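Participant: Below is the file model21.tsv, which contains TSV, C-alpha atoms.
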```tsv
chain	number	residue	atom	x	y	z
Y	1	MET	CA	69.19	-90.10	-10.41
Y	2	SER	CA	68.13	-93.75	-10.73
Y	3	ASP	CA	68.57	-95.59	-14.04
Y	4	ARG	CA	65.13	-97.20	-13.79
Y	5	TYR	CA	63.10	-96.55	-16.96
Y	6	ASP	CA	59.74	-95.01	-16.20
Y	7	GLU	CA	56.97	-95.42	-18.73
Y	8	LYS	CA	55.43	-92.07	-17.83
Y	9	ASP	CA	58.52	-90.21	-18.95
Y	10	ASP	CA	58.66	-91.89	-22.36
Y	11	PRO	CA	59.89	-89.23	-24.79
Y	12	ARG	CA	58.03	-90.93	-27.65
Y	13	GLU	CA	54.74	-90.04	-26.00
Y	14	GLU	CA	55.23	-86.37	-26.92
Y	15	LYS	CA	55.49	-87.21	-30.62
Y	16	GLY	CA	52.83	-89.91	-30.56
Y	17	GLU	CA	55.37	-92.66	-31.39
Y	18	GLY	CA	55.06	-96.09	-29.90
Y	19	THR	CA	51.55	-95.52	-28.59
Y	20	ALA	CA	50.17	-98.30	-30.79
Y	21	ASP	CA	52.59	-100.82	-29.21
Y	22	ARG	CA	51.43	-100.03	-25.73
Y	23	THR	CA	47.68	-99.66	-26.26
Y	24	SER	CA	47.23	-103.44	-26.29
Y	25	ASN	CA	48.91	-103.71	-22.87
Y	26	LEU	CA	46.83	-100.95	-21.27
Y	27	THR	CA	44.37	-102.07	-18.65
Y	28	ASP	CA	40.92	-100.58	-18.20
Y	29	GLY	CA	42.16	-98.50	-15.28
Y	30	HIS	CA	44.79	-96.82	-17.46
Y	31	THR	CA	42.18	-96.03	-20.11
Y	32	ASP	CA	39.92	-94.40	-17.53
Y	33	ALA	CA	42.84	-92.36	-16.20
Y	34	SER	CA	43.68	-91.04	-19.66
Y	35	ALA	CA	40.02	-90.26	-20.31
Y	36	THR	CA	39.77	-88.18	-17.15
Y	37	LYS	CA	43.01	-86.43	-18.04
Y	38	ASN	CA	41.61	-85.40	-21.44
Y	39	ALA	CA	38.31	-84.39	-19.88
Y	40	GLY	CA	40.13	-81.89	-17.68
Y	41	LYS	CA	41.78	-80.34	-20.73
Y	42	ASP	CA	38.39	-79.67	-22.35
Y	43	ASP	CA	37.21	-77.89	-19.21
Y	44	ASN	CA	40.17	-75.54	-19.27
Y	45	SER	CA	39.89	-74.73	-22.98
Y	46	ALA	CA	37.79	-71.67	-22.15
Y	47	TYR	CA	40.61	-70.22	-20.04
Y	48	GLU	CA	43.84	-68.61	-21.19
Y	49	ASP	CA	47.22	-70.15	-20.39
Y	50	VAL	CA	49.15	-68.22	-17.74
Y	51	CYS	CA	52.95	-68.10	-17.50
Y	52	PHE	CA	54.16	-70.10	-14.49
Y	53	ILE	CA	56.92	-67.57	-13.69
Y	54	CYS	CA	55.62	-64.05	-14.46
Y	55	ARG	CA	51.88	-64.90	-14.20
Y	56	ARG	CA	50.99	-63.00	-17.39
Y	57	PRO	CA	48.17	-64.43	-19.54
Y	58	GLU	CA	48.75	-65.60	-23.11
Y	59	SER	CA	46.99	-62.54	-24.57
Y	60	LYS	CA	49.71	-60.32	-23.06
Y	61	ALA	CA	52.82	-62.49	-23.01
Y	62	GLY	CA	52.39	-64.12	-26.44
Y	63	LYS	CA	52.77	-67.77	-27.40
Y	64	MET	CA	53.61	-70.11	-24.52
Y	65	PHE	CA	56.05	-73.02	-24.26
Y	66	LYS	CA	54.18	-76.11	-22.99
Y	67	LEU	CA	56.19	-78.18	-20.49
Y	68	PRO	CA	55.27	-81.46	-18.73
Y	69	ASN	CA	52.79	-81.28	-15.83
Y	70	ASN	CA	50.76	-78.69	-17.79
Y	71	ILE	CA	53.26	-75.92	-17.03
Y	72	CYS	CA	53.30	-72.99	-19.47
Y	73	ILE	CA	56.22	-70.55	-19.73
Y	74	CYS	CA	56.25	-67.42	-21.90
Y	75	ASN	CA	58.98	-66.60	-24.39
Y	76	ASP	CA	60.60	-63.88	-22.23
Y	77	CYS	CA	60.84	-66.04	-19.10
Y	78	MET	CA	62.17	-68.99	-21.10
Y	79	HIS	CA	64.98	-66.84	-22.55
Y	80	LYS	CA	65.83	-65.38	-19.13
Y	81	THR	CA	65.97	-68.88	-17.62
Y	82	MET	CA	68.22	-70.16	-20.39
Y	83	GLU	CA	70.56	-67.19	-20.03
Y	84	THR	CA	70.78	-67.72	-16.27
Y	85	VAL	CA	71.50	-71.45	-16.65
Y	86	SER	CA	74.17	-70.84	-19.31
Y	87	GLN	CA	75.96	-68.34	-17.02
Y	88	PHE	CA	76.37	-70.96	-14.29
Y	89	ASP	CA	77.38	-73.81	-16.62
Y	90	TYR	CA	81.00	-73.81	-15.48
Y	91	GLN	CA	83.27	-75.04	-18.32
Y	92	GLY	CA	80.35	-76.89	-19.93
Y	93	MET	CA	80.00	-79.30	-16.98
Y	94	LEU	CA	76.26	-79.71	-17.37
Y	95	ASN	CA	76.62	-81.06	-20.91
Y	96	ASN	CA	79.65	-83.25	-20.03
Y	97	PRO	CA	78.62	-86.97	-19.92
Y	98	GLN	CA	81.64	-87.84	-17.73
Y	99	PHE	CA	80.48	-85.33	-15.10
Y	100	GLN	CA	76.96	-86.82	-15.18
Y	101	ASN	CA	78.32	-90.37	-14.65
Y	102	GLU	CA	80.44	-89.28	-11.69
Y	103	LEU	CA	77.42	-87.57	-10.15
Y	104	ASP	CA	75.34	-90.76	-10.54
Y	105	GLN	CA	78.04	-92.87	-8.85
Y	106	MET	CA	78.39	-90.41	-5.95
Y	107	THR	CA	74.64	-90.56	-5.40
Y	108	LYS	CA	74.62	-94.36	-5.30
Y	109	GLN	CA	77.66	-94.65	-2.98
Y	110	LYS	CA	76.91	-91.94	-0.46
Y	111	GLY	CA	73.13	-92.03	-0.67
Y	112	PHE	CA	72.53	-88.34	-0.98
Y	113	PRO	CA	69.08	-87.36	0.24
Y	114	ASN	CA	66.66	-86.45	-2.53
Y	115	ILE	CA	66.79	-82.67	-2.07
Y	116	SER	CA	64.30	-80.71	-4.13
Y	117	PHE	CA	64.32	-76.91	-4.36
Y	118	VAL	CA	60.91	-76.83	-6.04
Y	119	ASN	CA	57.72	-77.95	-4.37
Y	120	LEU	CA	56.51	-80.54	-6.88
Y	121	ALA	CA	52.97	-80.31	-5.57
Y	122	ASP	CA	52.84	-76.74	-6.91
Y	123	LEU	CA	53.82	-77.93	-10.38
Y	124	ARG	CA	50.93	-80.33	-10.76
Y	125	GLY	CA	47.82	-79.15	-12.53
Y	126	ASP	CA	47.89	-75.96	-14.61
Y	127	GLY	CA	50.96	-74.42	-13.08
Y	128	GLY	CA	49.32	-74.41	-9.64
Y	129	ILE	CA	46.75	-71.77	-10.68
Y	130	PRO	CA	43.13	-72.38	-9.68
Y	131	ASN	CA	40.37	-71.54	-12.16
Y	132	LYS	CA	39.28	-68.47	-10.18
Y	133	GLN	CA	42.66	-66.88	-10.95
Y	134	LYS	CA	42.57	-67.60	-14.69
Y	135	LEU	CA	41.38	-65.25	-17.38
Y	136	LYS	CA	38.70	-66.34	-19.82
Y	137	LYS	CA	39.67	-66.22	-23.48
Y	138	LYS	CA	38.27	-63.24	-25.37
Y	139	LYS	CA	35.63	-64.18	-27.87
Y	140	LYS	CA	36.46	-63.64	-31.51
Y	141	GLU	CA	34.97	-60.44	-32.88
Y	142	ALA	CA	33.53	-62.08	-35.99
Y	143	SER	CA	29.92	-61.95	-34.87
Y	144	GLU	CA	29.61	-58.37	-33.67
Y	145	GLU	CA	26.36	-58.54	-31.77
Y	146	PRO	CA	25.75	-55.69	-29.34
Y	147	VAL	CA	26.20	-56.83	-25.76
Y	148	LEU	CA	23.14	-54.92	-24.59
Y	149	ASN	CA	20.40	-54.40	-27.13
Y	150	ILE	CA	18.86	-50.94	-26.77
Y	151	ARG	CA	15.38	-52.45	-27.18
Y	152	ASP	CA	15.99	-54.85	-24.30
Y	153	ILE	CA	16.66	-52.12	-21.72
Y	154	PRO	CA	13.43	-51.65	-19.76
Y	155	ALA	CA	12.05	-48.10	-19.63
Y	156	PRO	CA	12.45	-46.18	-16.33
Y	157	HIS	CA	8.80	-46.67	-15.29
Y	158	LYS	CA	9.16	-50.45	-15.82
Y	159	ILE	CA	12.35	-50.55	-13.75
Y	160	LYS	CA	10.55	-48.66	-10.97
Y	161	ALA	CA	7.52	-50.99	-11.19
Y	162	SER	CA	9.84	-53.99	-10.79
Y	163	LEU	CA	11.55	-52.36	-7.80
Y	164	ASP	CA	8.11	-51.66	-6.25
Y	165	GLU	CA	7.49	-55.41	-6.04
Y	166	TYR	CA	10.46	-55.87	-3.70
Y	167	VAL	CA	11.15	-52.52	-1.99
Y	168	VAL	CA	8.60	-50.74	0.23
Y	169	GLY	CA	8.44	-46.92	0.14
Y	170	GLN	CA	11.46	-44.83	-1.01
Y	171	ASP	CA	9.52	-43.64	-4.09
Y	172	TYR	CA	11.82	-40.70	-4.82
Y	173	ALA	CA	14.96	-42.86	-4.59
Y	174	LYS	CA	13.45	-45.52	-6.88
Y	175	LYS	CA	12.54	-42.93	-9.52
Y	176	VAL	CA	16.03	-41.38	-9.50
Y	177	ILE	CA	17.84	-44.72	-9.63
Y	178	SER	CA	15.59	-46.02	-12.47
Y	179	VAL	CA	16.22	-43.00	-14.71
Y	180	ALA	CA	19.97	-42.96	-13.96
Y	181	VAL	CA	20.39	-46.68	-14.73
Y	182	TYR	CA	18.31	-46.37	-17.92
Y	183	ASN	CA	20.42	-43.43	-19.18
Y	184	HIS	CA	23.66	-45.21	-18.33
Y	185	TYR	CA	22.83	-48.46	-20.13
Y	186	LYS	CA	21.35	-46.63	-23.12
Y	187	ARG	CA	24.74	-44.92	-23.45
Y	188	VAL	CA	26.55	-48.28	-23.22
Y	189	ALA	CA	24.22	-50.07	-25.63
Y	190	THR	CA	24.40	-47.53	-28.47
Y	191	GLY	CA	28.12	-48.33	-28.83
Y	192	THR	CA	28.94	-44.81	-30.02
Y	193	MET	CA	30.34	-43.44	-26.78
Y	194	ASP	CA	32.79	-41.19	-28.63
Y	195	ASN	CA	30.00	-39.31	-30.41
Y	196	ILE	CA	27.67	-39.05	-27.43
Y	197	GLU	CA	28.99	-36.54	-24.92
Y	198	ILE	CA	27.10	-37.85	-21.90
Y	199	GLU	CA	29.09	-38.60	-18.78
Y	200	LYS	CA	28.48	-41.60	-16.55
Y	201	SER	CA	25.57	-41.29	-14.14
Y	202	ASN	CA	27.38	-42.45	-10.99
Y	203	MET	CA	25.19	-42.13	-7.90
Y	204	LEU	CA	25.56	-41.21	-4.25
Y	205	MET	CA	22.89	-42.55	-1.88
Y	206	ILE	CA	22.47	-40.97	1.51
Y	207	GLY	CA	20.18	-42.59	4.04
Y	208	PRO	CA	20.07	-43.78	7.64
Y	209	THR	CA	21.04	-47.33	8.59
Y	210	GLY	CA	18.46	-49.94	7.60
Y	211	SER	CA	16.70	-47.79	4.99
Y	212	GLY	CA	17.48	-50.33	2.24
Y	213	LYS	CA	20.43	-48.87	0.29
Y	214	THR	CA	22.19	-52.18	-0.34
Y	215	TYR	CA	18.93	-54.04	-0.91
Y	216	LEU	CA	17.87	-51.51	-3.57
Y	217	VAL	CA	21.10	-52.10	-5.55
Y	218	LYS	CA	20.94	-55.90	-5.14
Y	219	THR	CA	17.37	-55.95	-6.49
Y	220	LEU	CA	18.38	-53.69	-9.38
Y	221	ALA	CA	21.27	-55.95	-10.46
Y	222	LYS	CA	19.01	-59.00	-10.26
Y	223	LEU	CA	16.42	-57.33	-12.52
Y	224	LEU	CA	18.98	-56.14	-15.10
Y	225	ASP	CA	20.95	-59.43	-15.04
Y	226	VAL	CA	24.36	-57.71	-14.92
Y	227	PRO	CA	27.32	-58.63	-12.68
Y	228	LEU	CA	27.27	-56.80	-9.35
Y	229	ALA	CA	30.08	-56.34	-6.84
Y	230	ILE	CA	29.35	-55.03	-3.36
Y	231	ALA	CA	32.48	-53.63	-1.75
Y	232	ASP	CA	33.11	-52.01	1.61
Y	233	ALA	CA	34.99	-48.71	1.72
Y	234	THR	CA	36.14	-49.26	5.32
Y	235	SER	CA	38.79	-51.84	4.30
Y	236	LEU	CA	40.30	-49.69	1.52
Y	237	THR	CA	43.64	-48.00	2.19
Y	238	GLU	CA	46.15	-45.93	0.26
Y	239	ALA	CA	48.44	-47.95	-2.05
Y	240	GLY	CA	51.30	-49.63	-0.19
Y	241	TYR	CA	49.55	-49.96	3.19
Y	242	ILE	CA	48.06	-53.06	4.76
Y	243	GLY	CA	44.44	-53.43	3.66
Y	244	ASP	CA	42.69	-53.72	0.32
Y	245	ASP	CA	44.01	-51.75	-2.65
Y	246	ILE	CA	41.54	-49.45	-4.38
Y	247	GLU	CA	41.65	-51.71	-7.49
Y	248	SER	CA	40.31	-54.62	-5.39
Y	249	VAL	CA	36.84	-53.12	-5.89
Y	250	VAL	CA	37.10	-53.87	-9.64
Y	251	SER	CA	38.73	-57.23	-8.84
Y	252	LYS	CA	35.53	-58.27	-6.99
Y	253	LEU	CA	33.45	-57.32	-10.04
Y	254	LEU	CA	35.73	-59.40	-12.28
Y	255	ALA	CA	35.23	-62.39	-9.96
Y	256	ALA	CA	31.43	-61.84	-10.04
Y	257	ALA	CA	31.59	-61.85	-13.87
Y	258	ASP	CA	33.42	-65.23	-13.81
Y	259	ASN	CA	36.71	-63.57	-14.90
Y	260	ASP	CA	35.12	-62.40	-18.17
Y	261	VAL	CA	36.53	-58.90	-18.76
Y	262	GLU	CA	33.91	-57.91	-21.36
Y	263	LYS	CA	31.05	-58.88	-19.04
Y	264	ALA	CA	32.66	-57.07	-16.09
Y	265	GLU	CA	33.02	-53.84	-18.11
Y	266	ARG	CA	29.25	-53.36	-18.12
Y	267	GLY	CA	28.60	-54.27	-14.48
Y	268	ILE	CA	27.59	-52.33	-11.39
Y	269	ILE	CA	29.87	-51.67	-8.41
Y	270	PHE	CA	28.22	-50.69	-5.14
Y	271	ILE	CA	30.62	-49.17	-2.61
Y	272	ASP	CA	29.03	-49.20	0.83
Y	273	GLU	CA	30.02	-47.12	3.88
Y	274	ILE	CA	31.45	-44.40	1.62
Y	275	ASP	CA	31.15	-41.88	4.48
Y	276	LYS	CA	33.93	-43.74	6.35
Y	277	ILE	CA	36.58	-42.41	3.91
Y	278	ALA	CA	35.75	-38.77	4.71
Y	279	LYS	CA	38.60	-36.46	5.67
Y	280	LYS	CA	39.43	-36.79	9.35
Y	281	LYS	CA	39.18	-33.47	11.15
Y	282	ASN	CA	42.02	-32.17	13.34
Y	283	THR	CA	44.22	-35.21	12.95
Y	284	THR	CA	48.00	-35.23	13.04
Y	285	SER	CA	48.50	-38.90	12.07
Y	286	ARG	CA	48.75	-40.03	8.45
Y	287	ASP	CA	45.24	-40.50	7.05
Y	288	VAL	CA	45.73	-43.64	4.93
Y	289	SER	CA	42.06	-44.65	4.84
Y	290	GLY	CA	40.52	-41.21	4.36
Y	291	GLU	CA	41.21	-38.45	1.87
Y	292	SER	CA	43.95	-40.41	0.07
Y	293	VAL	CA	41.46	-43.19	-0.78
Y	294	GLN	CA	39.08	-40.60	-2.25
Y	295	GLN	CA	41.90	-39.26	-4.43
Y	296	GLY	CA	42.83	-42.78	-5.55
Y	297	MET	CA	39.24	-43.47	-6.60
Y	298	LEU	CA	38.94	-40.39	-8.86
Y	299	LYS	CA	40.22	-42.08	-12.05
Y	300	LEU	CA	38.33	-45.25	-11.17
Y	301	LEU	CA	34.96	-43.43	-11.05
Y	302	GLU	CA	35.62	-41.35	-14.14
Y	303	GLY	CA	36.82	-44.18	-16.37
Y	304	ALA	CA	40.35	-45.45	-17.00
Y	305	GLU	CA	42.29	-48.57	-18.01
Y	306	ILE	CA	43.14	-50.27	-14.72
Y	307	GLU	CA	45.41	-53.24	-14.04
Y	308	VAL	CA	43.44	-55.58	-11.79
Y	309	PRO	CA	44.75	-58.68	-9.95
Y	310	VAL	CA	42.69	-61.76	-10.88
Y	311	GLY	CA	41.43	-63.71	-7.86
Y	312	ALA	CA	43.31	-61.65	-5.24
Y	313	ASN	CA	42.97	-58.33	-3.42
Y	314	SER	CA	46.55	-57.14	-3.80
Y	315	LYS	CA	48.76	-56.56	-6.82
Y	316	ASN	CA	51.70	-57.95	-4.85
Y	317	ALA	CA	50.22	-61.47	-4.94
Y	318	MET	CA	51.73	-63.70	-7.63
Y	319	VAL	CA	48.59	-63.71	-9.77
Y	320	PRO	CA	47.89	-62.67	-13.37
Y	321	LEU	CA	46.81	-59.06	-14.00
Y	322	ALA	CA	43.89	-58.18	-16.26
Y	323	THR	CA	43.25	-54.77	-17.84
Y	324	VAL	CA	39.71	-53.51	-17.20
Y	325	ASN	CA	38.29	-50.29	-18.65
Y	326	THR	CA	35.95	-48.66	-16.11
Y	327	ARG	CA	34.32	-46.10	-18.40
Y	328	ASN	CA	31.14	-48.22	-18.71
Y	329	ILE	CA	31.00	-49.54	-15.15
Y	330	LEU	CA	28.25	-47.89	-13.10
Y	331	PHE	CA	29.41	-46.87	-9.62
Y	332	ILE	CA	26.83	-46.45	-6.87
Y	333	CYS	CA	28.12	-45.19	-3.52
Y	334	GLY	CA	26.06	-45.39	-0.34
Y	335	GLY	CA	26.54	-44.23	3.21
Y	336	ALA	CA	24.65	-43.29	6.36
Y	337	PHE	CA	26.58	-39.99	6.83
Y	338	PRO	CA	25.96	-39.62	10.59
Y	339	ASP	CA	25.78	-36.03	11.92
Y	340	LEU	CA	25.11	-34.69	8.41
Y	341	GLU	CA	21.78	-33.40	9.77
Y	342	GLU	CA	23.65	-31.06	12.11
Y	343	ILE	CA	25.61	-29.59	9.18
Y	344	ILE	CA	22.35	-29.04	7.23
Y	345	LYS	CA	20.70	-27.38	10.27
Y	346	GLN	CA	23.67	-25.02	10.68
Y	347	ARG	CA	23.33	-23.90	7.07
Y	348	LEU	CA	19.54	-23.43	7.31
Y	349	ASN	CA	19.71	-21.50	10.61
Y	350	LYS	CA	21.90	-18.68	9.30
Y	351	THR	CA	19.22	-15.99	9.76
Y	352	ALA	CA	19.09	-13.98	12.97
Y	353	GLY	CA	17.27	-15.25	16.07
Y	354	ILE	CA	15.85	-11.79	16.92
Y	355	GLY	CA	14.02	-9.26	14.72
Y	356	PHE	CA	11.39	-9.22	11.97
Y	357	ASN	CA	12.78	-12.02	9.76
Y	358	SER	CA	13.90	-14.14	12.68
Y	359	GLU	CA	13.57	-17.94	12.80
Y	360	LEU	CA	13.56	-20.08	15.92
Y	361	ARG	CA	16.70	-22.14	16.50
Y	362	ASP	CA	14.73	-25.34	16.96
Y	363	LYS	CA	12.66	-24.88	13.78
Y	364	TYR	CA	14.25	-27.88	12.02
Y	365	ASP	CA	14.79	-30.07	15.09
Y	366	LYS	CA	11.58	-32.05	14.56
Y	367	ASP	CA	11.86	-32.20	10.76
Y	368	LYS	CA	12.14	-35.93	9.94
Y	369	ASP	CA	12.89	-35.21	6.29
Y	370	ILE	CA	15.89	-32.95	6.97
Y	371	LEU	CA	18.29	-35.16	4.93
Y	372	SER	CA	16.41	-34.40	1.68
Y	373	LYS	CA	17.55	-30.76	1.96
Y	374	VAL	CA	21.20	-31.80	1.52
Y	375	THR	CA	23.42	-29.89	-0.90
Y	376	VAL	CA	26.89	-30.55	-2.31
Y	377	GLU	CA	28.30	-27.96	0.10
Y	378	ASP	CA	27.03	-29.96	3.10
Y	379	ILE	CA	28.74	-33.14	1.85
Y	380	ARG	CA	31.97	-31.18	1.31
Y	381	LYS	CA	31.79	-29.91	4.89
Y	382	PHE	CA	31.28	-33.48	6.08
Y	383	GLY	CA	34.74	-34.33	4.67
Y	384	MET	CA	34.35	-35.47	1.06
Y	385	ILE	CA	36.71	-33.69	-1.37
Y	386	PRO	CA	35.11	-31.59	-4.16
Y	387	GLU	CA	36.64	-33.66	-7.00
Y	388	PHE	CA	35.11	-36.83	-5.55
Y	389	ILE	CA	31.62	-35.31	-5.25
Y	390	GLY	CA	31.95	-33.97	-8.81
Y	391	ARG	CA	32.31	-37.53	-10.15
Y	392	LEU	CA	29.05	-38.57	-8.44
Y	393	PRO	CA	26.61	-36.25	-10.25
Y	394	ILE	CA	23.39	-37.87	-8.97
Y	395	ILE	CA	22.85	-37.39	-5.24
Y	396	PHE	CA	19.63	-38.57	-3.59
Y	397	THR	CA	18.45	-39.47	-0.10
Y	398	LEU	CA	16.43	-42.31	1.42
Y	399	LYS	CA	14.01	-41.91	4.31
Y	400	GLY	CA	14.30	-43.80	7.57
Y	401	LEU	CA	11.74	-46.57	8.08
Y	402	THR	CA	8.62	-45.67	10.04
Y	403	ARG	CA	6.49	-48.13	11.98
Y	404	GLU	CA	3.89	-48.34	9.16
Y	405	MET	CA	6.65	-49.09	6.60
Y	406	MET	CA	8.03	-51.89	8.76
Y	407	VAL	CA	4.59	-53.53	8.90
Y	408	LYS	CA	4.39	-53.25	5.09
Y	409	VAL	CA	7.85	-54.84	4.75
Y	410	LEU	CA	6.48	-57.91	6.56
Y	411	LYS	CA	3.34	-58.19	4.38
Y	412	GLU	CA	3.61	-56.57	0.94
Y	413	PRO	CA	6.84	-57.35	-1.04
Y	414	ARG	CA	6.99	-60.35	-3.35
Y	415	ASN	CA	9.43	-62.12	-1.01
Y	416	ALA	CA	7.76	-60.93	2.23
Y	417	ILE	CA	8.41	-63.03	5.34
Y	418	LEU	CA	4.69	-63.61	6.10
Y	419	LYS	CA	4.07	-64.87	2.53
Y	420	GLN	CA	6.86	-67.38	2.91
```
Translate the structure of the given file into structure tokens.
Facilitator:
Amino acid sequence: MSDRYDEKDDPREEKGEGTADRTSNLTDGHTDASATKNAGKDDNSAYEDVCFICRRPESKAGKMFKLPNNICICNDCMHKTMETVSQFDYQGMLNNPQFQNELDQMTKQKGFPNISFVNLADLRGDGGIPNKQKLKKKKKEASEEPVLNIRDIPAPHKIKASLDEYVVGQDYAKKVISVAVYNHYKRVATGTMDNIEIEKSNMLMIGPTGSGKTYLVKTLAKLLDVPLAIADATSLTEAGYIGDDIESVVSKLLAAADNDVEKAERGIIFIDEIDKIAKKKNTTSRDVSGESVQQGMLKLLEGAEIEVPVGANSKNAMVPLATVNTRNILFICGGAFPDLEEIIKQRLNKTAGIGFNSELRDKYDKDKDILSKVTVEDIRKFGMIPEFIGRLPIIFTLKGLTREMMVKVLKEPRNAILKQ
């Protein structure tokens, strides 16, 4: 409320008036400050402006009003604010100069404390939004170069040869994953998805703990140079409950792609511990992290336009939302599936124990490769719903590590511990 004139708030600075008069009086320190200020603006030119009130990016909300302190407000929020202010302007008091003078005098006499309803620290910088929560501007579609060139996708045998350098054993799994990834990216790269009636080759890996499921996917993403998000299914819950929303899986991929939606739409999402969202048997309590999560993931796996919070795990956070299409995102699910062997043994031991065609009950007890005999029916009995399994068409198993394989892990891979 003070009458002191502050040079920073000079209204002529907006229009560029009077700058010539003051440049001569500027010290070197002021020049440096302005240079750093402009340097920051260049850094943020790659990002979209986000509305300070509704947190929508410029591509959705339209042209923004630029306010001091780098605050941007969209057209809708500006109109709502003006309407609200005009409702409370009792008998035009806000525009009355006499009322303003009285208010100034009261402040000087009584020394009202400087009460502020807005935290000014939040208003500094770009509306208080860090770069990790900003959306990158979409590139102009003038130069329509294909994102993935079909000639650049390595053939399946080359992908497998590259995986052989890092991963010991698991030959069957490496062959399956190489062919599935090749088919998927060939479908993405041709750019004619509407004409080609090939569905996504989402995968389900089954293998005991420590068999290298996560490592296989990490190596694959490194070789293909695509963004990879590794999520954990144990923290996912049904919408509205405490825990991560199902969309947070895609949110992690968007963060891995540096908030570039186009780059994220051709990435890989690996969902670990997928067996933990199986249907709970004989439970009376509400199963918020089981079957309901599987049902929520159906559209995600198949391909749909999904609203994703940028830089947060929950849609309730005051952050901008980006729309990501998941039809070209490759989903790989992995899990140990404990006790699945017992379900497979039950199915294989259906013949009688006595008579001509009889089989001994312990015939499969010493079979170390029992997991490879898994069928869709066994996974359904384990607790995965049929619609979920149907969206993961490629199912393969990994073998547990033997002693010989562990010795090879120490010596043979390119990044082996003994070599280092």
Participant: Compile the contact shell of Ala257 in chain Y as a PDB file with C-alpha atoms, in the coordinates of the input: residues with an atom at most 7 Å away, counting all atoms listed in the file, same-chain residues fewer than 6 positions apart removed.
Facilitator:
```pdb
ATOM      1  CA  PRO Y 227      27.320 -58.630 -12.680  1.00  0.00           C
ATOM      2  CA  LYS Y 263      31.050 -58.880 -19.040  1.00  0.00           C
ATOM      3  CA  ALA Y 264      32.660 -57.070 -16.090  1.00  0.00           C
TER       4      ALA Y 264
END
```
Participant: Taking into account only C-alpha atoms, which residue in the set Y:Lys345, Y:His157, Y:Lys408, Y:Lys399 is nearest to Ala173 in chain Y?
Facilitator: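 The shortest atom-to-atom distance to Ala173 in chain Y comes from Y:Lys399.
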Participant: Considering all atoms listed in the file, can you say which of Y:Arg414, Y:His184, Y:Arg286, Y:Lys363 comes closest to Gln346 in chain Y?
Facilitator: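 Using all atoms listed in the file, Gln346 in chain Y sits closest to Y:Lys363.
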Participant: What is the distance between CA of Ala61 in chain Y and CA of Cys74 in chain Y, in Å to one decimal?
Facilitator: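 Interatomic distance here is 6.1 Å.
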Participant: Using all atoms listed in the file, which residues sit within 8 Å of range 174-176 of chain Y once same-chain residues fewer than 6 positions away are excluded, as a list of chain:residue names?
Facilitator: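 Contacts, in chain order: Y:Pro156, Y:His157, Y:Lys160, Y:Leu163, Y:Phe396.
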Participant: Could you state the separation of CA of Arg361 in chain Y and CA of Asp378 in chain Y in Å, given to one decimal place?
Facilitator: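 Between CA of Arg361 in chain Y and CA of Asp378 in chain Y the gap works out to 18.6 Å.
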Participant: In Å, rounded to a single decimal, give me how far CA of Ile394 in chain Y is from CA of Val188 in chain Y.
Facilitator: 17.9 Å
Participant: Write out as an NGL selection string each polymer residue whose atoms come within 8 Å of range 325-339 of chain Y, counting only C-alpha atoms; drop sequence neighbours fewer than 3 positions from it.
Facilitator: :Y and (184 or 188 or 200-209 or 213-214 or 264-275 or 300-306 or 342-343)
Participant: Mind dumping the selected residues with C-alpha atoms as a short mmCIF file (atom, residue, chain, number, x, y, z; two decimals), in the coordinates of the input?
Facilitator:
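Once everything was written out, this is again.cif:
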```
data_model
loop_
_atom_site.label_atom_id
_atom_site.label_comp_id
_atom_site.auth_asym_id
_atom_site.auth_seq_id
_atom_site.Cartn_x
_atom_site.Cartn_y
_atom_site.Cartn_z
CA HIS Y 184 23.66 -45.21 -18.33
CA VAL Y 188 26.55 -48.28 -23.22
CA LYS Y 200 28.48 -41.60 -16.55
CA SER Y 201 25.57 -41.29 -14.14
CA ASN Y 202 27.38 -42.45 -10.99
CA MET Y 203 25.19 -42.13 -7.90
CA LEU Y 204 25.56 -41.21 -4.25
CA MET Y 205 22.89 -42.55 -1.88
CA ILE Y 206 22.47 -40.97 1.51
CA GLY Y 207 20.18 -42.59 4.04
CA PRO Y 208 20.07 -43.78 7.64
CA THR Y 209 21.04 -47.33 8.59
CA LYS Y 213 20.43 -48.87 0.29
CA THR Y 214 22.19 -52.18 -0.34
CA ALA Y 264 32.66 -57.07 -16.09
CA GLU Y 265 33.02 -53.84 -18.11
CA ARG Y 266 29.25 -53.36 -18.12
CA GLY Y 267 28.60 -54.27 -14.48
CA ILE Y 268 27.59 -52.33 -11.39
CA ILE Y 269 29.87 -51.67 -8.41
CA PHE Y 270 28.22 -50.69 -5.14
CA ILE Y 271 30.62 -49.17 -2.61
CA ASP Y 272 29.03 -49.20 0.83
CA GLU Y 273 30.02 -47.12 3.88
CA ILE Y 274 31.45 -44.40 1.62
CA ASP Y 275 31.15 -41.88 4.48
CA LEU Y 300 38.33 -45.25 -11.17
CA LEU Y 301 34.96 -43.43 -11.05
CA GLU Y 302 35.62 -41.35 -14.14
CA GLY Y 303 36.82 -44.18 -16.37
CA ALA Y 304 40.35 -45.45 -17.00
CA GLU Y 305 42.29 -48.57 -18.01
CA ILE Y 306 43.14 -50.27 -14.72
CA GLU Y 342 23.65 -31.06 12.11
CA ILE Y 343 25.61 -29.59 9.18
#
```
Participant: With all atoms listed in the file as the basis for distance, which of Y:Pro57, Y:Pro154, Y:Gly311, Y:Gly62 is at the shortest distance from Lys186 in chain Y?
Facilitator: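 Nearest to Lys186 in chain Y: Y:Pro154.
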Participant: Pick from Y:Asn357, Y:Thr402, Y:Gln295, Y:Asn415: nearest to Met384 in chain Y, with only C-alpha atoms counted?
Facilitator: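 Using only C-alpha atoms, the shortest distance to Met384 in chain Y belongs to Y:Gln295.
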